[in-house]
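To start, the structure itself, in structure tokens.
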Amino acid sequence: MSLYRNAVWFLKGLQEYTKSGYEAAAKHFTATDLEVDLSGRSFIITGANSGIGKTTANEIAKRGGTVHLVCRNKSRAEEAKKEIVEQSKNEKIHVHIVDMSSPRQVWEFASGFSQNHSVNVLINNAGCMVNQRELTEDGLEKNFSTNTLGKYLHCRCPSSSPITVSSGGMLVQKLNVEDLQFEKGTFDGTMAYAQNKRQQVVMTERWAAQHKEIHFSSMHPGWADTPAVQTSMPDFHAKMKNKLRSEEQGADTVVWLAVSDVALRQPSGLFFQDRKAVPTHLPLALSKSSPAEEEKLMNTLEQLAEKFKP
């Protein structure tokens, strides 16, 4: 079944996730959706010093929003801030140094931020694809700790619109709650990443069902030419670089979800691609999880959250 999923997904990707896929979809976009004044509105963006996160931050800053860049590396974050301020002419750009793979750091940031700031939109963009199984100083598998547990904890920052930058790669994975930290079998960083992305979509759906007053969404940016893709998937990048989307094209739907009133009128909990809600499973892929499996994921994450609470 995984061979079937991978084949169907790759063919789908060639048609939809590439630069030409974006250009075809963009013919149906409404330009005025992004003609907004974001003065007085506040945004948190994790992983904002490069790639889609930085591009999203710049687009929001250009429209007058207050942007909080949450990054791991202080010098790269400050450099990103400088560039965004120069390009947007917006001084309301703030840097916060947080390692999203450290649950204690994420806890401390989320609780401290909510005491001192308000935020309208939380963009969970930070992620990693570590191709060898690696443990954090807390003994957690690094992909899981960053991509899944980190996002679970970060949503404790109160926001009316949390957005998770997931990936269409999750379509090749069925939720596996029996091995969340990839301790069994041969480790595959790409499949670990895809499993994390499936977990993110399940979390978004569960949160939307539980918290009706909050608008949750997740999205797929397509195959974009970002520093993360270049370093984590060098073979894929080398083969596909002429077909990859620009960072701006990859960030378009994140920006749309974050700033457009049209996006907020969509039902909560959906998964978006090119400004449109799309299915979270491939046809005949047998990738749907049971309510019990999803409940086990959420319970496990809550137990880990409590374990690392400062």
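Every chain in the structure tokens takes a letter, A first, then B, and so on in the order presented; its residues are numbered from 1, and the ligands are numbered from 1 following the presented order.
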Contact residues around Asp252 (chain A) with only C-alpha atoms at 12 Å, ignoring same-chain residues under 5 positions, as an MDAnalysis selection string: chainID A and resid 22:23 25:26 29 31 33:34 52:53 55:60 165 219:222 224 245:247 257:260 272:276
Create the file for the chosen residues now, containing N, CA and C atoms and written as a tab-separated table (two decimals), in the first residue's frame.
```tsv
chain	number	residue	atom	x	y	z
A	22	TYR	N	1.30	25.71	-9.35
A	22	TYR	CA	0.92	26.98	-8.71
A	22	TYR	C	0.38	27.96	-9.73
A	23	GLU	N	1.08	28.07	-10.86
A	23	GLU	CA	0.66	29.03	-11.88
A	23	GLU	C	-0.75	28.72	-12.40
A	25	ALA	N	-3.12	27.15	-10.65
A	25	ALA	CA	-4.06	27.46	-9.57
A	25	ALA	C	-4.25	28.96	-9.42
A	26	ALA	N	-3.16	29.72	-9.60
A	26	ALA	CA	-3.20	31.17	-9.36
A	26	ALA	C	-4.11	31.91	-10.33
A	29	PHE	N	-7.13	32.79	-8.42
A	29	PHE	CA	-7.03	33.57	-7.19
A	29	PHE	C	-7.73	34.92	-7.36
A	31	ALA	N	-7.17	38.64	-6.40
A	31	ALA	CA	-6.06	39.48	-5.95
A	31	ALA	C	-6.42	40.32	-4.73
A	33	ASP	N	-8.01	39.60	-2.20
A	33	ASP	CA	-7.98	38.87	-0.92
A	33	ASP	C	-6.81	39.32	-0.05
A	34	LEU	N	-5.71	39.72	-0.69
A	34	LEU	CA	-4.50	40.09	0.06
A	34	LEU	C	-4.32	41.61	0.18
A	52	ILE	N	10.05	29.84	3.69
A	52	ILE	CA	8.64	30.23	3.69
A	52	ILE	C	8.31	31.09	4.91
A	53	GLY	N	8.90	30.79	6.06
A	53	GLY	CA	8.63	31.59	7.26
A	53	GLY	C	9.04	33.04	7.09
A	55	THR	N	9.59	34.67	4.23
A	55	THR	CA	8.79	35.29	3.18
A	55	THR	C	7.42	35.68	3.71
A	56	THR	N	6.81	34.80	4.51
A	56	THR	CA	5.51	35.11	5.11
A	56	THR	C	5.63	36.32	6.02
A	57	ALA	N	6.67	36.36	6.84
A	57	ALA	CA	6.88	37.49	7.74
A	57	ALA	C	7.00	38.79	6.96
A	58	ASN	N	7.72	38.75	5.85
A	58	ASN	CA	7.92	39.95	5.04
A	58	ASN	C	6.60	40.42	4.43
A	59	GLU	N	5.79	39.50	3.93
A	59	GLU	CA	4.50	39.87	3.33
A	59	GLU	C	3.55	40.48	4.37
A	60	ILE	N	3.56	39.93	5.57
A	60	ILE	CA	2.72	40.48	6.64
A	60	ILE	C	3.24	41.85	7.07
A	165	VAL	N	1.93	24.97	9.01
A	165	VAL	CA	2.53	24.68	7.72
A	165	VAL	C	2.89	23.19	7.72
A	219	MET	N	-1.88	23.57	6.09
A	219	MET	CA	-1.72	23.80	4.65
A	219	MET	C	-0.47	23.11	4.11
A	220	HIS	N	-0.46	22.97	2.79
A	220	HIS	CA	0.68	22.44	2.05
A	220	HIS	C	1.22	23.54	1.14
A	221	PRO	N	2.49	23.90	1.27
A	221	PRO	CA	3.03	24.98	0.43
A	221	PRO	C	3.42	24.55	-0.98
A	222	GLY	N	3.32	23.26	-1.27
A	222	GLY	CA	3.83	22.77	-2.54
A	222	GLY	C	5.32	22.48	-2.43
A	224	ALA	N	8.62	23.75	-2.84
A	224	ALA	CA	9.24	25.07	-2.98
A	224	ALA	C	10.76	24.97	-2.83
A	245	ARG	N	8.69	25.55	-6.89
A	245	ARG	CA	8.09	26.88	-6.69
A	245	ARG	C	9.10	27.82	-6.05
A	246	SER	N	8.89	29.09	-6.23
A	246	SER	CA	9.66	30.09	-5.49
A	246	SER	C	9.18	30.12	-4.04
A	247	GLU	N	9.95	30.73	-3.17
A	247	GLU	CA	9.52	30.87	-1.77
A	247	GLU	C	8.22	31.67	-1.68
A	257	LEU	N	-4.16	32.55	4.33
A	257	LEU	CA	-4.84	32.07	5.53
A	257	LEU	C	-4.68	33.05	6.70
A	258	ALA	N	-3.53	33.71	6.76
A	258	ALA	CA	-3.23	34.59	7.89
A	258	ALA	C	-3.91	35.94	7.81
A	259	VAL	N	-4.16	36.44	6.61
A	259	VAL	CA	-4.60	37.84	6.49
A	259	VAL	C	-5.96	38.03	5.83
A	260	SER	N	-6.47	37.03	5.14
A	260	SER	CA	-7.68	37.21	4.33
A	260	SER	C	-8.95	36.91	5.11
A	272	PHE	N	-5.33	23.10	3.46
A	272	PHE	CA	-5.39	23.94	2.26
A	272	PHE	C	-4.17	23.76	1.37
A	273	GLN	N	-4.42	23.94	0.08
A	273	GLN	CA	-3.37	23.96	-0.93
A	273	GLN	C	-3.79	24.98	-1.98
A	274	ASP	N	-2.95	25.96	-2.24
A	274	ASP	CA	-3.24	26.99	-3.23
A	274	ASP	C	-4.61	27.63	-3.00
A	275	ARG	N	-4.80	28.10	-1.77
A	275	ARG	CA	-5.99	28.85	-1.34
A	275	ARG	C	-7.29	28.05	-1.43
A	276	LYS	N	-7.21	26.74	-1.41
A	276	LYS	CA	-8.40	25.92	-1.53
A	276	LYS	C	-8.29	24.73	-0.59
```
Applying 12 Å and only C-alpha atoms, which residues near region 230-241 of chain A remain after dropping the ones on its own chain fewer than 3 positions away? List them as a PDB file with all heavy atoms, in the first residue's frame.
```pdb
ATOM      1  N   PHE A  10       3.375  11.046  -5.969  1.00  0.00           N
ATOM      2  CA  PHE A  10       4.387  11.704  -6.796  1.00  0.00           C
ATOM      3  C   PHE A  10       3.779  12.214  -8.104  1.00  0.00           C
ATOM      4  O   PHE A  10       4.087  13.328  -8.551  1.00  0.00           O
ATOM      5  CB  PHE A  10       5.552  10.750  -7.086  1.00  0.00           C
ATOM      6  CG  PHE A  10       6.713  11.418  -7.762  1.00  0.00           C
ATOM      7  CD1 PHE A  10       7.521  12.312  -7.057  1.00  0.00           C
ATOM      8  CD2 PHE A  10       6.999  11.196  -9.098  1.00  0.00           C
ATOM      9  CE1 PHE A  10       8.587  12.959  -7.667  1.00  0.00           C
ATOM     10  CE2 PHE A  10       8.056  11.831  -9.721  1.00  0.00           C
ATOM     11  CZ  PHE A  10       8.860  12.712  -9.003  1.00  0.00           C
ATOM     12  N   GLY A  13       1.954  15.236  -7.266  1.00  0.00           N
ATOM     13  CA  GLY A  13       2.885  16.327  -7.021  1.00  0.00           C
ATOM     14  C   GLY A  13       3.388  16.972  -8.289  1.00  0.00           C
ATOM     15  O   GLY A  13       3.492  18.199  -8.397  1.00  0.00           O
ATOM     16  N   LEU A  14       3.719  16.144  -9.287  1.00  0.00           N
ATOM     17  CA  LEU A  14       4.205  16.693 -10.556  1.00  0.00           C
ATOM     18  C   LEU A  14       3.174  17.602 -11.208  1.00  0.00           C
ATOM     19  O   LEU A  14       3.513  18.588 -11.864  1.00  0.00           O
ATOM     20  CB  LEU A  14       4.570  15.547 -11.509  1.00  0.00           C
ATOM     21  CG  LEU A  14       5.838  14.762 -11.166  1.00  0.00           C
ATOM     22  CD1 LEU A  14       5.977  13.578 -12.105  1.00  0.00           C
ATOM     23  CD2 LEU A  14       7.077  15.654 -11.240  1.00  0.00           C
ATOM     24  N   TYR A  17       2.013  20.296  -7.294  1.00  0.00           N
ATOM     25  CA  TYR A  17       2.889  20.884  -6.281  1.00  0.00           C
ATOM     26  C   TYR A  17       4.024  21.717  -6.865  1.00  0.00           C
ATOM     27  O   TYR A  17       4.728  22.421  -6.136  1.00  0.00           O
ATOM     28  CB  TYR A  17       3.506  19.793  -5.406  1.00  0.00           C
ATOM     29  CG  TYR A  17       2.517  18.912  -4.674  1.00  0.00           C
ATOM     30  CD1 TYR A  17       2.940  17.717  -4.095  1.00  0.00           C
ATOM     31  CD2 TYR A  17       1.167  19.249  -4.546  1.00  0.00           C
ATOM     32  CE1 TYR A  17       2.057  16.894  -3.417  1.00  0.00           C
ATOM     33  CE2 TYR A  17       0.279  18.431  -3.871  1.00  0.00           C
ATOM     34  CZ  TYR A  17       0.727  17.250  -3.313  1.00  0.00           C
ATOM     35  OH  TYR A  17      -0.139  16.428  -2.637  1.00  0.00           O
ATOM     36  N   THR A  18       4.234  21.643  -8.159  1.00  0.00           N
ATOM     37  CA  THR A  18       5.333  22.323  -8.824  1.00  0.00           C
ATOM     38  C   THR A  18       4.988  23.792  -9.117  1.00  0.00           C
ATOM     39  O   THR A  18       3.881  24.256  -8.868  1.00  0.00           O
ATOM     40  CB  THR A  18       5.639  21.604 -10.143  1.00  0.00           C
ATOM     41  OG1 THR A  18       4.410  21.521 -10.888  1.00  0.00           O
ATOM     42  CG2 THR A  18       6.178  20.206  -9.900  1.00  0.00           C
ATOM     43  N   LYS A  19       5.963  24.466  -9.721  1.00  0.00           N
ATOM     44  CA  LYS A  19       5.757  25.855 -10.135  1.00  0.00           C
ATOM     45  C   LYS A  19       4.599  25.961 -11.124  1.00  0.00           C
ATOM     46  O   LYS A  19       3.758  26.855 -11.018  1.00  0.00           O
ATOM     47  CB  LYS A  19       7.052  26.380 -10.764  1.00  0.00           C
ATOM     48  CG  LYS A  19       6.982  27.804 -11.255  1.00  0.00           C
ATOM     49  CD  LYS A  19       8.320  28.363 -11.762  1.00  0.00           C
ATOM     50  CE  LYS A  19       9.356  27.350 -12.083  1.00  0.00           C
ATOM     51  NZ  LYS A  19      10.615  27.935 -12.615  1.00  0.00           N
ATOM     52  N   GLY A  51      13.429  30.949   4.187  1.00  0.00           N
ATOM     53  CA  GLY A  51      12.418  30.179   3.488  1.00  0.00           C
ATOM     54  C   GLY A  51      11.015  30.740   3.569  1.00  0.00           C
ATOM     55  O   GLY A  51      10.790  31.960   3.546  1.00  0.00           O
ATOM     56  N   GLY A 127      10.233  23.645  11.320  1.00  0.00           N
ATOM     57  CA  GLY A 127      10.253  22.198  11.182  1.00  0.00           C
ATOM     58  C   GLY A 127      11.649  21.721  10.846  1.00  0.00           C
ATOM     59  O   GLY A 127      12.552  22.515  10.574  1.00  0.00           O
ATOM     60  N   CYS A 128      11.834  20.419  10.890  1.00  0.00           N
ATOM     61  CA  CYS A 128      13.128  19.864  10.519  1.00  0.00           C
ATOM     62  C   CYS A 128      12.926  18.493   9.889  1.00  0.00           C
ATOM     63  O   CYS A 128      11.896  17.841  10.082  1.00  0.00           O
ATOM     64  CB  CYS A 128      14.056  19.768  11.726  1.00  0.00           C
ATOM     65  SG  CYS A 128      13.588  18.513  12.942  1.00  0.00           S
ATOM     66  N   MET A 129      13.911  18.082   9.107  1.00  0.00           N
ATOM     67  CA  MET A 129      13.964  16.720   8.587  1.00  0.00           C
ATOM     68  C   MET A 129      15.379  16.219   8.845  1.00  0.00           C
ATOM     69  O   MET A 129      16.316  16.519   8.101  1.00  0.00           O
ATOM     70  CB  MET A 129      13.635  16.670   7.099  1.00  0.00           C
ATOM     71  CG  MET A 129      13.600  15.235   6.547  1.00  0.00           C
ATOM     72  SD  MET A 129      13.537  15.167   4.749  1.00  0.00           S
ATOM     73  CE  MET A 129      11.942  15.885   4.417  1.00  0.00           C
ATOM     74  N   VAL A 130      15.532  15.481   9.936  1.00  0.00           N
ATOM     75  CA  VAL A 130      16.823  14.915  10.304  1.00  0.00           C
ATOM     76  C   VAL A 130      16.884  13.499   9.747  1.00  0.00           C
ATOM     77  O   VAL A 130      16.030  12.667  10.064  1.00  0.00           O
ATOM     78  CB  VAL A 130      17.002  14.902  11.840  1.00  0.00           C
ATOM     79  CG1 VAL A 130      18.342  14.303  12.215  1.00  0.00           C
ATOM     80  CG2 VAL A 130      16.873  16.313  12.396  1.00  0.00           C
ATOM     81  N   ASN A 131      17.862  13.225   8.915  1.00  0.00           N
ATOM     82  CA  ASN A 131      17.882  11.977   8.161  1.00  0.00           C
ATOM     83  C   ASN A 131      18.542  10.803   8.879  1.00  0.00           C
ATOM     84  O   ASN A 131      18.513   9.676   8.387  1.00  0.00           O
ATOM     85  CB  ASN A 131      18.543  12.205   6.800  1.00  0.00           C
ATOM     86  CG  ASN A 131      17.648  13.013   5.874  1.00  0.00           C
ATOM     87  OD1 ASN A 131      16.480  12.685   5.688  1.00  0.00           O
ATOM     88  ND2 ASN A 131      18.173  14.095   5.310  1.00  0.00           N
ATOM     89  N   GLN A 132      19.136  11.057  10.027  1.00  0.00           N
ATOM     90  CA  GLN A 132      19.611   9.998  10.911  1.00  0.00           C
ATOM     91  C   GLN A 132      18.871  10.156  12.233  1.00  0.00           C
ATOM     92  O   GLN A 132      18.674  11.265  12.701  1.00  0.00           O
ATOM     93  CB  GLN A 132      21.123  10.111  11.146  1.00  0.00           C
ATOM     94  CG  GLN A 132      21.971  10.031   9.887  1.00  0.00           C
ATOM     95  CD  GLN A 132      21.939   8.665   9.234  1.00  0.00           C
ATOM     96  OE1 GLN A 132      21.860   7.643   9.912  1.00  0.00           O
ATOM     97  NE2 GLN A 132      21.995   8.628   7.907  1.00  0.00           N
ATOM     98  N   GLY A 189      14.325   9.254   7.475  1.00  0.00           N
ATOM     99  CA  GLY A 189      14.026  10.633   7.845  1.00  0.00           C
ATOM    100  C   GLY A 189      12.893  11.240   7.043  1.00  0.00           C
ATOM    101  O   GLY A 189      12.078  11.998   7.572  1.00  0.00           O
ATOM    102  N   THR A 190      12.819  10.905   5.751  1.00  0.00           N
ATOM    103  CA  THR A 190      11.762  11.452   4.908  1.00  0.00           C
ATOM    104  C   THR A 190      10.390  10.945   5.350  1.00  0.00           C
ATOM    105  O   THR A 190       9.422  11.707   5.432  1.00  0.00           O
ATOM    106  CB  THR A 190      12.003  11.094   3.433  1.00  0.00           C
ATOM    107  OG1 THR A 190      13.292  11.571   3.043  1.00  0.00           O
ATOM    108  CG2 THR A 190      10.949  11.716   2.543  1.00  0.00           C
ATOM    109  N   TYR A 193       9.403  12.487   8.699  1.00  0.00           N
ATOM    110  CA  TYR A 193       8.882  13.834   8.451  1.00  0.00           C
ATOM    111  C   TYR A 193       7.438  13.769   7.959  1.00  0.00           C
ATOM    112  O   TYR A 193       6.561  14.510   8.428  1.00  0.00           O
ATOM    113  CB  TYR A 193       9.771  14.518   7.414  1.00  0.00           C
ATOM    114  CG  TYR A 193       9.356  15.904   7.003  1.00  0.00           C
ATOM    115  CD1 TYR A 193       9.718  17.010   7.773  1.00  0.00           C
ATOM    116  CD2 TYR A 193       8.631  16.123   5.837  1.00  0.00           C
ATOM    117  CE1 TYR A 193       9.363  18.296   7.386  1.00  0.00           C
ATOM    118  CE2 TYR A 193       8.273  17.397   5.443  1.00  0.00           C
ATOM    119  CZ  TYR A 193       8.642  18.485   6.218  1.00  0.00           C
ATOM    120  OH  TYR A 193       8.280  19.744   5.823  1.00  0.00           O
ATOM    121  N   TRP A 223       5.911  22.095  -3.537  1.00  0.00           N
ATOM    122  CA  TRP A 223       7.348  21.829  -3.559  1.00  0.00           C
ATOM    123  C   TRP A 223       8.065  23.139  -3.873  1.00  0.00           C
ATOM    124  O   TRP A 223       8.111  23.590  -5.010  1.00  0.00           O
ATOM    125  CB  TRP A 223       7.677  20.793  -4.636  1.00  0.00           C
ATOM    126  CG  TRP A 223       7.093  19.428  -4.357  1.00  0.00           C
ATOM    127  CD1 TRP A 223       6.637  18.950  -3.165  1.00  0.00           C
ATOM    128  CD2 TRP A 223       6.912  18.362  -5.306  1.00  0.00           C
ATOM    129  NE1 TRP A 223       6.190  17.663  -3.304  1.00  0.00           N
ATOM    130  CE2 TRP A 223       6.348  17.275  -4.603  1.00  0.00           C
ATOM    131  CE3 TRP A 223       7.173  18.232  -6.670  1.00  0.00           C
ATOM    132  CZ2 TRP A 223       6.041  16.062  -5.238  1.00  0.00           C
ATOM    133  CZ3 TRP A 223       6.865  17.025  -7.297  1.00  0.00           C
ATOM    134  CH2 TRP A 223       6.318  15.954  -6.583  1.00  0.00           C
ATOM    135  N   ALA A 224       8.624  23.747  -2.838  1.00  0.00           N
ATOM    136  CA  ALA A 224       9.243  25.072  -2.981  1.00  0.00           C
ATOM    137  C   ALA A 224      10.758  24.974  -2.827  1.00  0.00           C
ATOM    138  O   ALA A 224      11.273  24.127  -2.089  1.00  0.00           O
ATOM    139  CB  ALA A 224       8.667  26.036  -1.955  1.00  0.00           C
ATOM    140  N   ASP A 225      11.443  25.858  -3.500  1.00  0.00           N
ATOM    141  CA  ASP A 225      12.906  25.893  -3.475  1.00  0.00           C
ATOM    142  C   ASP A 225      13.360  26.720  -2.274  1.00  0.00           C
ATOM    143  O   ASP A 225      13.596  27.925  -2.373  1.00  0.00           O
ATOM    144  CB  ASP A 225      13.431  26.500  -4.780  1.00  0.00           C
ATOM    145  CG  ASP A 225      14.930  26.300  -4.943  1.00  0.00           C
ATOM    146  OD1 ASP A 225      15.575  25.827  -3.985  1.00  0.00           O
ATOM    147  OD2 ASP A 225      15.467  26.619  -6.025  1.00  0.00           O
ATOM    148  N   THR A 226      13.464  26.050  -1.129  1.00  0.00           N
ATOM    149  CA  THR A 226      13.855  26.715   0.118  1.00  0.00           C
ATOM    150  C   THR A 226      15.178  26.144   0.611  1.00  0.00           C
ATOM    151  O   THR A 226      15.576  25.038   0.219  1.00  0.00           O
ATOM    152  CB  THR A 226      12.789  26.489   1.206  1.00  0.00           C
ATOM    153  OG1 THR A 226      12.750  25.086   1.526  1.00  0.00           O
ATOM    154  CG2 THR A 226      11.410  26.945   0.729  1.00  0.00           C
ATOM    155  N   PRO A 227      15.867  26.860   1.508  1.00  0.00           N
ATOM    156  CA  PRO A 227      17.096  26.309   2.093  1.00  0.00           C
ATOM    157  C   PRO A 227      16.874  24.951   2.759  1.00  0.00           C
ATOM    158  O   PRO A 227      17.739  24.078   2.699  1.00  0.00           O
ATOM    159  CB  PRO A 227      17.492  27.376   3.112  1.00  0.00           C
ATOM    160  CG  PRO A 227      16.939  28.642   2.556  1.00  0.00           C
ATOM    161  CD  PRO A 227      15.635  28.263   1.921  1.00  0.00           C
ATOM    162  N   LEU A 244      10.603  23.535  -9.174  1.00  0.00           N
ATOM    163  CA  LEU A 244      10.176  23.929  -7.833  1.00  0.00           C
ATOM    164  C   LEU A 244       9.589  25.340  -7.816  1.00  0.00           C
ATOM    165  O   LEU A 244       9.973  26.213  -8.603  1.00  0.00           O
ATOM    166  CB  LEU A 244      11.354  23.860  -6.860  1.00  0.00           C
ATOM    167  CG  LEU A 244      11.976  22.481  -6.652  1.00  0.00           C
ATOM    168  CD1 LEU A 244      13.141  22.564  -5.681  1.00  0.00           C
ATOM    169  CD2 LEU A 244      10.940  21.479  -6.157  1.00  0.00           C
ATOM    170  N   ARG A 245       8.686  25.552  -6.894  1.00  0.00           N
ATOM    171  CA  ARG A 245       8.090  26.876  -6.687  1.00  0.00           C
ATOM    172  C   ARG A 245       9.103  27.819  -6.051  1.00  0.00           C
ATOM    173  O   ARG A 245      10.036  27.393  -5.366  1.00  0.00           O
ATOM    174  CB  ARG A 245       6.879  26.773  -5.759  1.00  0.00           C
ATOM    175  CG  ARG A 245       5.767  25.903  -6.274  1.00  0.00           C
ATOM    176  CD  ARG A 245       4.612  25.841  -5.297  1.00  0.00           C
ATOM    177  NE  ARG A 245       3.508  25.060  -5.861  1.00  0.00           N
ATOM    178  CZ  ARG A 245       2.254  25.134  -5.442  1.00  0.00           C
ATOM    179  NH1 ARG A 245       1.923  25.941  -4.436  1.00  0.00           N
ATOM    180  NH2 ARG A 245       1.314  24.400  -6.009  1.00  0.00           N
ATOM    181  N   SER A 246       8.886  29.092  -6.227  1.00  0.00           N
ATOM    182  CA  SER A 246       9.661  30.090  -5.489  1.00  0.00           C
ATOM    183  C   SER A 246       9.176  30.120  -4.036  1.00  0.00           C
ATOM    184  O   SER A 246       8.106  29.588  -3.708  1.00  0.00           O
ATOM    185  CB  SER A 246       9.481  31.467  -6.116  1.00  0.00           C
ATOM    186  OG  SER A 246       8.130  31.914  -5.933  1.00  0.00           O
TER     187      SER A 246
END
```
Would you pick out the contacts of Val201 (chain A) at 10 Å or less, using only C-alpha atoms, so that residues sharing its chain but fewer than 2 positions from it are not included, and give the list as a short mmCIF file (atom, residue, chain, number, x, y, z; two decimals) with N, CA, C and O atoms, in the first residue's frame?
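Below you can see selection17.cif, which holds the result:
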```cif
data_model
loop_
_atom_site.label_atom_id
_atom_site.label_comp_id
_atom_site.auth_asym_id
_atom_site.auth_seq_id
_atom_site.Cartn_x
_atom_site.Cartn_y
_atom_site.Cartn_z
N THR A 164 -0.94 25.86 10.71
CA THR A 164 0.20 24.96 10.70
C THR A 164 0.66 24.71 9.26
O THR A 164 -0.14 24.28 8.42
N VAL A 165 1.93 24.97 9.01
CA VAL A 165 2.53 24.68 7.72
C VAL A 165 2.89 23.19 7.72
O VAL A 165 3.89 22.78 8.31
N SER A 166 2.05 22.40 7.11
CA SER A 166 2.25 20.96 7.05
C SER A 166 2.88 20.62 5.71
O SER A 166 3.69 21.38 5.19
N SER A 167 2.51 19.48 5.14
CA SER A 167 3.07 19.09 3.85
C SER A 167 2.18 18.06 3.20
O SER A 167 1.61 17.19 3.88
N MET A 170 2.37 14.20 3.83
CA MET A 170 1.62 13.42 4.82
C MET A 170 0.63 12.46 4.16
O MET A 170 0.18 11.50 4.78
N LEU A 175 -1.59 7.56 10.14
CA LEU A 175 -1.18 7.85 11.51
C LEU A 175 -0.73 6.57 12.21
O LEU A 175 -1.45 5.57 12.22
N ASN A 196 5.17 12.93 10.80
CA ASN A 196 4.97 14.13 11.62
C ASN A 196 3.93 15.06 10.99
O ASN A 196 3.09 15.64 11.69
N LYS A 197 4.00 15.19 9.67
CA LYS A 197 3.06 16.07 8.98
C LYS A 197 1.63 15.52 9.04
O LYS A 197 0.67 16.28 9.12
N ARG A 198 1.50 14.19 8.98
CA ARG A 198 0.18 13.58 9.19
C ARG A 198 -0.31 13.89 10.61
O ARG A 198 -1.49 14.24 10.82
N GLN A 199 0.57 13.79 11.58
CA GLN A 199 0.21 14.09 12.96
C GLN A 199 -0.26 15.54 13.11
O GLN A 199 -1.24 15.81 13.82
N MET A 203 -3.85 16.72 14.50
CA MET A 203 -3.96 17.67 15.63
C MET A 203 -4.87 18.84 15.26
O MET A 203 -5.71 19.26 16.06
N THR A 204 -4.68 19.37 14.07
CA THR A 204 -5.49 20.52 13.62
C THR A 204 -6.97 20.15 13.60
O THR A 204 -7.83 20.92 14.06
N GLU A 205 -7.28 18.98 13.06
CA GLU A 205 -8.67 18.54 13.00
C GLU A 205 -9.26 18.34 14.39
O GLU A 205 -10.41 18.72 14.66
N ARG A 206 -8.48 17.76 15.29
CA ARG A 206 -8.97 17.52 16.65
C ARG A 206 -9.18 18.83 17.41
O ARG A 206 -10.18 19.00 18.11
N TRP A 207 -8.23 19.75 17.27
CA TRP A 207 -8.37 21.06 17.93
C TRP A 207 -9.60 21.80 17.42
O TRP A 207 -10.33 22.40 18.20
N SER A 217 -6.30 25.91 10.98
CA SER A 217 -6.11 25.44 9.62
C SER A 217 -4.69 24.89 9.46
O SER A 217 -3.77 25.24 10.21
N SER A 218 -4.53 24.01 8.49
CA SER A 218 -3.21 23.52 8.11
C SER A 218 -3.10 23.66 6.60
O SER A 218 -4.10 23.85 5.90
N MET A 219 -1.88 23.57 6.09
CA MET A 219 -1.72 23.80 4.65
C MET A 219 -0.47 23.11 4.11
O MET A 219 0.43 22.73 4.86
N GLY A 269 -10.40 23.76 10.75
CA GLY A 269 -9.84 22.41 10.75
C GLY A 269 -9.47 21.85 9.40
O GLY A 269 -9.03 20.71 9.31
N LEU A 270 -9.61 22.64 8.34
CA LEU A 270 -9.36 22.14 6.99
C LEU A 270 -7.88 22.21 6.61
O LEU A 270 -7.08 22.93 7.23
N PHE A 271 -7.54 21.49 5.57
CA PHE A 271 -6.18 21.42 5.02
C PHE A 271 -6.20 22.10 3.65
O PHE A 271 -7.00 21.73 2.78
N THR A 280 -7.54 15.21 2.70
CA THR A 280 -6.37 14.84 3.50
C THR A 280 -5.97 13.38 3.29
O THR A 280 -5.10 12.87 4.00
#
```
Residue neighbourhood Asp261 (chain A), 12 Å, only C-alpha atoms, exclusion window fewer than 5 positions, as a PyMOL selection string: chain A and resi 32-38+161+215+255-256+266
Write out, as a compact mmCIF listing (two decimals), in the first residue's frame, the residues just selected, with N, CA, C and O atoms.
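Output contents, as saved in part.txt:
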```
# COMPACT_ATOMS: atom_id res chain seq x y z
N THR A 32 -7.66 40.76 -4.67
CA THR A 32 -8.07 41.64 -3.56
C THR A 32 -8.09 40.94 -2.21
O THR A 32 -8.16 41.60 -1.18
N ASP A 33 -8.01 39.60 -2.20
CA ASP A 33 -7.98 38.87 -0.92
C ASP A 33 -6.81 39.32 -0.05
O ASP A 33 -6.90 39.29 1.18
N LEU A 34 -5.71 39.72 -0.69
CA LEU A 34 -4.50 40.09 0.06
C LEU A 34 -4.32 41.61 0.18
O LEU A 34 -3.31 42.07 0.70
N GLU A 35 -5.31 42.37 -0.31
CA GLU A 35 -5.23 43.83 -0.21
C GLU A 35 -5.83 44.25 1.14
O GLU A 35 -6.98 44.68 1.23
N VAL A 36 -5.02 44.11 2.18
CA VAL A 36 -5.50 44.35 3.54
C VAL A 36 -4.50 45.22 4.30
O VAL A 36 -3.31 45.22 4.01
N ASP A 37 -5.02 45.94 5.27
CA ASP A 37 -4.20 46.73 6.19
C ASP A 37 -4.14 45.97 7.52
O ASP A 37 -5.17 45.78 8.17
N LEU A 38 -2.96 45.54 7.89
CA LEU A 38 -2.81 44.72 9.10
C LEU A 38 -2.35 45.52 10.31
O LEU A 38 -1.94 44.94 11.32
N SER A 161 -6.40 32.40 15.43
CA SER A 161 -6.22 31.69 14.15
C SER A 161 -4.86 31.00 14.08
O SER A 161 -3.93 31.52 13.47
N HIS A 215 -10.26 29.47 15.05
CA HIS A 215 -10.20 29.01 13.67
C HIS A 215 -8.84 28.36 13.41
O HIS A 215 -7.82 29.05 13.35
N VAL A 255 0.12 33.11 3.74
CA VAL A 255 -0.24 34.52 3.86
C VAL A 255 -1.75 34.70 3.70
O VAL A 255 -2.39 35.41 4.48
N TRP A 256 -2.33 34.03 2.74
CA TRP A 256 -3.78 34.11 2.51
C TRP A 256 -4.56 33.67 3.74
O TRP A 256 -5.50 34.34 4.17
N GLN A 266 -13.83 30.20 5.92
CA GLN A 266 -13.80 28.78 5.65
C GLN A 266 -14.03 28.01 6.96
O GLN A 266 -13.69 28.50 8.04
```
Members of region 4-90 of chain A assigned strand (DSSP E or B) by DSSP, as JSON, numbers by chain: {"A": [42, 43, 44, 45, 46, 66, 67, 68, 69, 70, 71]}
